[in-house]
Amino acid sequence: HDDTVYGDLKGHVEIEKYRYFYFFMMLTVYILIVCSNCTIISLIVIHKNLHEPMYIFIAGLLTNSVLFSTNIYPKLLADFLSNEQVIFLQACLFQIFVFYSLSGSEFLLLAAMSYDRYVSICKPLQYAIIMRKTIVFILLGLAWTVPVCHLVFPLLCSFTLNGIFCNNSIHFLFCAGSKAPLTFGLVIMFNIVILPILFIIFTYVKILTVVYKSCREVRRKAAQTCLPHLLVLLNYSCLMIYDIIIIRLESNFSKTARFVMTLQIIMYNPLCNPIIYGLKMTEIYKHLKKVFYKVRHDC
């Protein structure tokens with residue numbers, strides 16, 4: 001690849017007029033994402049009663065959110081203050097690689113979390129044996145390495161993007177005239193998006209079957225631990241549907257609508273995850289309250 005090859009990022013809306021507003025808004029969002037996610041990760045690392053598989057997977061998911069955001073926000077913030085919104089080919093390829101590998105990791109981590117809940121609720125007596133630390137770290141490792149192994153980039157000639165960062169919109173500019181890139185994309189999507197979602201649905205159907213026959217206390221505990229995972233899955237799936245499908249509808253989708261939806265992809269999930277897990281997971285919420293109380297007391 002030639003380092004001089006670069007493309008224009010043409011997804012920005014009225015950047016000359018609102019560049020400082022965009023910059024300070026997105027800088028605030030990025031700081032909130034890093035601080036909120038890292039706060040929950042730190043609580044899980046520090047407190048021994050949170051060293052359980054469920055919380056380790058939550059820490060993995062939140063780490064994924066920080067990495068996902070760091071892949072996009074620094075370049076985006078620089079673009080808001082720049083006269084030209086351009087990106088070099090190799091930097092673009094790297095951004096696509098990180099964006100889609102971490103997106104795939106999100107689904108695989110959610111699948112690992114659903115398996116953890118399935119074993120906990122459906123096979124409680126075997127939980128300690130099945131979900132031992134070694135298995136947890138193997139599942140975490142697979143969640144990050146499997147998407148990386150799937151992503152191979154065909155040669156690009158020149159490129160212009162309708163987005164504000166490198167993602168699905170680059171598809172149309174592959175040098176190869178064949179359908180190979182589309183085929184690769186469908187295989188990747190099936191392996192790291194559709195299969196994990198089907199597995200999650202299967203495990204939660206099993207969980208619901210067991211919970212339905214159980215007492216009220218079991219139902220309450222199941223809802224308390226499973227609902228946050230389902231909310232995150234629903235939220236992320238909706239955003240990925242936009243990236244995979246709607247982004248292709250060039251003529252039927254206005255630039256402003258595309259811009260707003262793209263901002264939602266990079267804002268919603270990394271911001272919502274720590275809120276959902278911080279407020280809905282009782283043990284994390286207890287430690288979070290202590291931290292806020294201590295900060296308020298010190299002030």
# chains A, B, ... in the order shown; residues from 1 in each chain; ligands from 1
call {"tool": "residues_around", "arguments": {"residues": "Asp79 in chain A", "least_positions_apart": "6", "cutoff": "9 Å", "atoms": "only C-alpha atoms", "output": "ChimeraX atom specification"}}
result
/A:19,23,85-86,164
call {"tool": "write_last_selection", "arguments": {"atoms": "all heavy atoms", "output": "PDB file, in the first residue's frame"}}
result
ATOM      1  N   ARG A  19     -18.211  23.357  14.172  1.00  0.00           N
ATOM      2  CA  ARG A  19     -17.032  22.560  14.530  1.00  0.00           C
ATOM      3  C   ARG A  19     -16.725  22.601  16.029  1.00  0.00           C
ATOM      4  O   ARG A  19     -16.423  21.572  16.640  1.00  0.00           O
ATOM      5  CB  ARG A  19     -15.814  22.943  13.705  1.00  0.00           C
ATOM      6  CG  ARG A  19     -15.218  24.293  13.958  1.00  0.00           C
ATOM      7  CD  ARG A  19     -13.860  24.434  13.261  1.00  0.00           C
ATOM      8  NE  ARG A  19     -14.001  24.545  11.805  1.00  0.00           N
ATOM      9  CZ  ARG A  19     -13.533  23.642  10.945  1.00  0.00           C
ATOM     10  NH1 ARG A  19     -12.940  22.553  11.400  1.00  0.00           N
ATOM     11  NH2 ARG A  19     -13.680  23.810   9.653  1.00  0.00           N
ATOM     12  N   PHE A  23     -16.922  19.546  18.641  1.00  0.00           N
ATOM     13  CA  PHE A  23     -15.698  19.176  19.349  1.00  0.00           C
ATOM     14  C   PHE A  23     -15.941  19.063  20.850  1.00  0.00           C
ATOM     15  O   PHE A  23     -15.610  18.041  21.464  1.00  0.00           O
ATOM     16  CB  PHE A  23     -14.595  20.206  19.067  1.00  0.00           C
ATOM     17  CG  PHE A  23     -13.325  19.927  19.825  1.00  0.00           C
ATOM     18  CD1 PHE A  23     -12.419  18.977  19.370  1.00  0.00           C
ATOM     19  CD2 PHE A  23     -13.046  20.600  21.013  1.00  0.00           C
ATOM     20  CE1 PHE A  23     -11.250  18.694  20.086  1.00  0.00           C
ATOM     21  CE2 PHE A  23     -11.887  20.321  21.731  1.00  0.00           C
ATOM     22  CZ  PHE A  23     -10.993  19.378  21.261  1.00  0.00           C
ATOM     23  N   GLN A  85     -11.151  17.037   6.310  1.00  0.00           N
ATOM     24  CA  GLN A  85     -11.442  15.778   7.011  1.00  0.00           C
ATOM     25  C   GLN A  85     -11.003  14.611   6.112  1.00  0.00           C
ATOM     26  O   GLN A  85     -11.759  14.134   5.277  1.00  0.00           O
ATOM     27  CB  GLN A  85     -12.937  15.665   7.344  1.00  0.00           C
ATOM     28  CG  GLN A  85     -13.411  16.610   8.426  1.00  0.00           C
ATOM     29  CD  GLN A  85     -13.469  18.053   7.986  1.00  0.00           C
ATOM     30  OE1 GLN A  85     -14.014  18.355   6.920  1.00  0.00           O
ATOM     31  NE2 GLN A  85     -12.902  18.969   8.762  1.00  0.00           N
ATOM     32  N   VAL A  86      -9.730  14.231   6.265  1.00  0.00           N
ATOM     33  CA  VAL A  86      -9.162  13.167   5.433  1.00  0.00           C
ATOM     34  C   VAL A  86      -8.513  12.115   6.325  1.00  0.00           C
ATOM     35  O   VAL A  86      -8.224  12.376   7.503  1.00  0.00           O
ATOM     36  CB  VAL A  86      -8.114  13.719   4.427  1.00  0.00           C
ATOM     37  CG1 VAL A  86      -8.768  14.662   3.430  1.00  0.00           C
ATOM     38  CG2 VAL A  86      -6.964  14.395   5.145  1.00  0.00           C
ATOM     39  N   ILE A 164     -18.194   9.485   9.034  1.00  0.00           N
ATOM     40  CA  ILE A 164     -17.283  10.390   9.730  1.00  0.00           C
ATOM     41  C   ILE A 164     -16.090   9.615  10.293  1.00  0.00           C
ATOM     42  O   ILE A 164     -15.217  10.186  10.914  1.00  0.00           O
ATOM     43  CB  ILE A 164     -18.019  11.160  10.855  1.00  0.00           C
ATOM     44  CG1 ILE A 164     -18.685  10.201  11.849  1.00  0.00           C
ATOM     45  CG2 ILE A 164     -19.021  12.133  10.273  1.00  0.00           C
ATOM     46  CD1 ILE A 164     -19.320  10.876  13.052  1.00  0.00           C
TER      47      ILE A 164
END
call {"tool": "select_by_dssp", "arguments": {"residues": "range 48-282 of chain A", "states": "alpha helix (DSSP H)", "output": "PyMOL selection string"}}
result
chain A and resi 53-81+89-122+127-130+133-150+180-189+195-212+216-244+255-280+282
call {"tool": "residues_around", "arguments": {"residues": "range 51-53 of chain A", "least_positions_apart": "6", "cutoff": "12 Å", "atoms": "only C-alpha atoms", "output": "PyMOL selection string"}}
result
chain A and resi 41-45+59-60+109+112-117+119-120+127-140+283-284
call {"tool": "select_by_dssp", "arguments": {"residues": "range 61-293 of chain A", "states": "strand (DSSP E)", "output": "compact mmCIF listing (two decimals) with C-alpha atoms, in the first residue's frame"}}
result
# COMPACT_ATOMS: atom_id res chain seq x y z
CA VAL A 86 -9.16 13.17 5.43
CA ILE A 87 -7.61 9.86 6.48
CA PHE A 88 -4.68 7.87 5.08
CA THR A 160 -14.15 8.34 -0.38
CA LEU A 161 -16.39 7.69 2.62
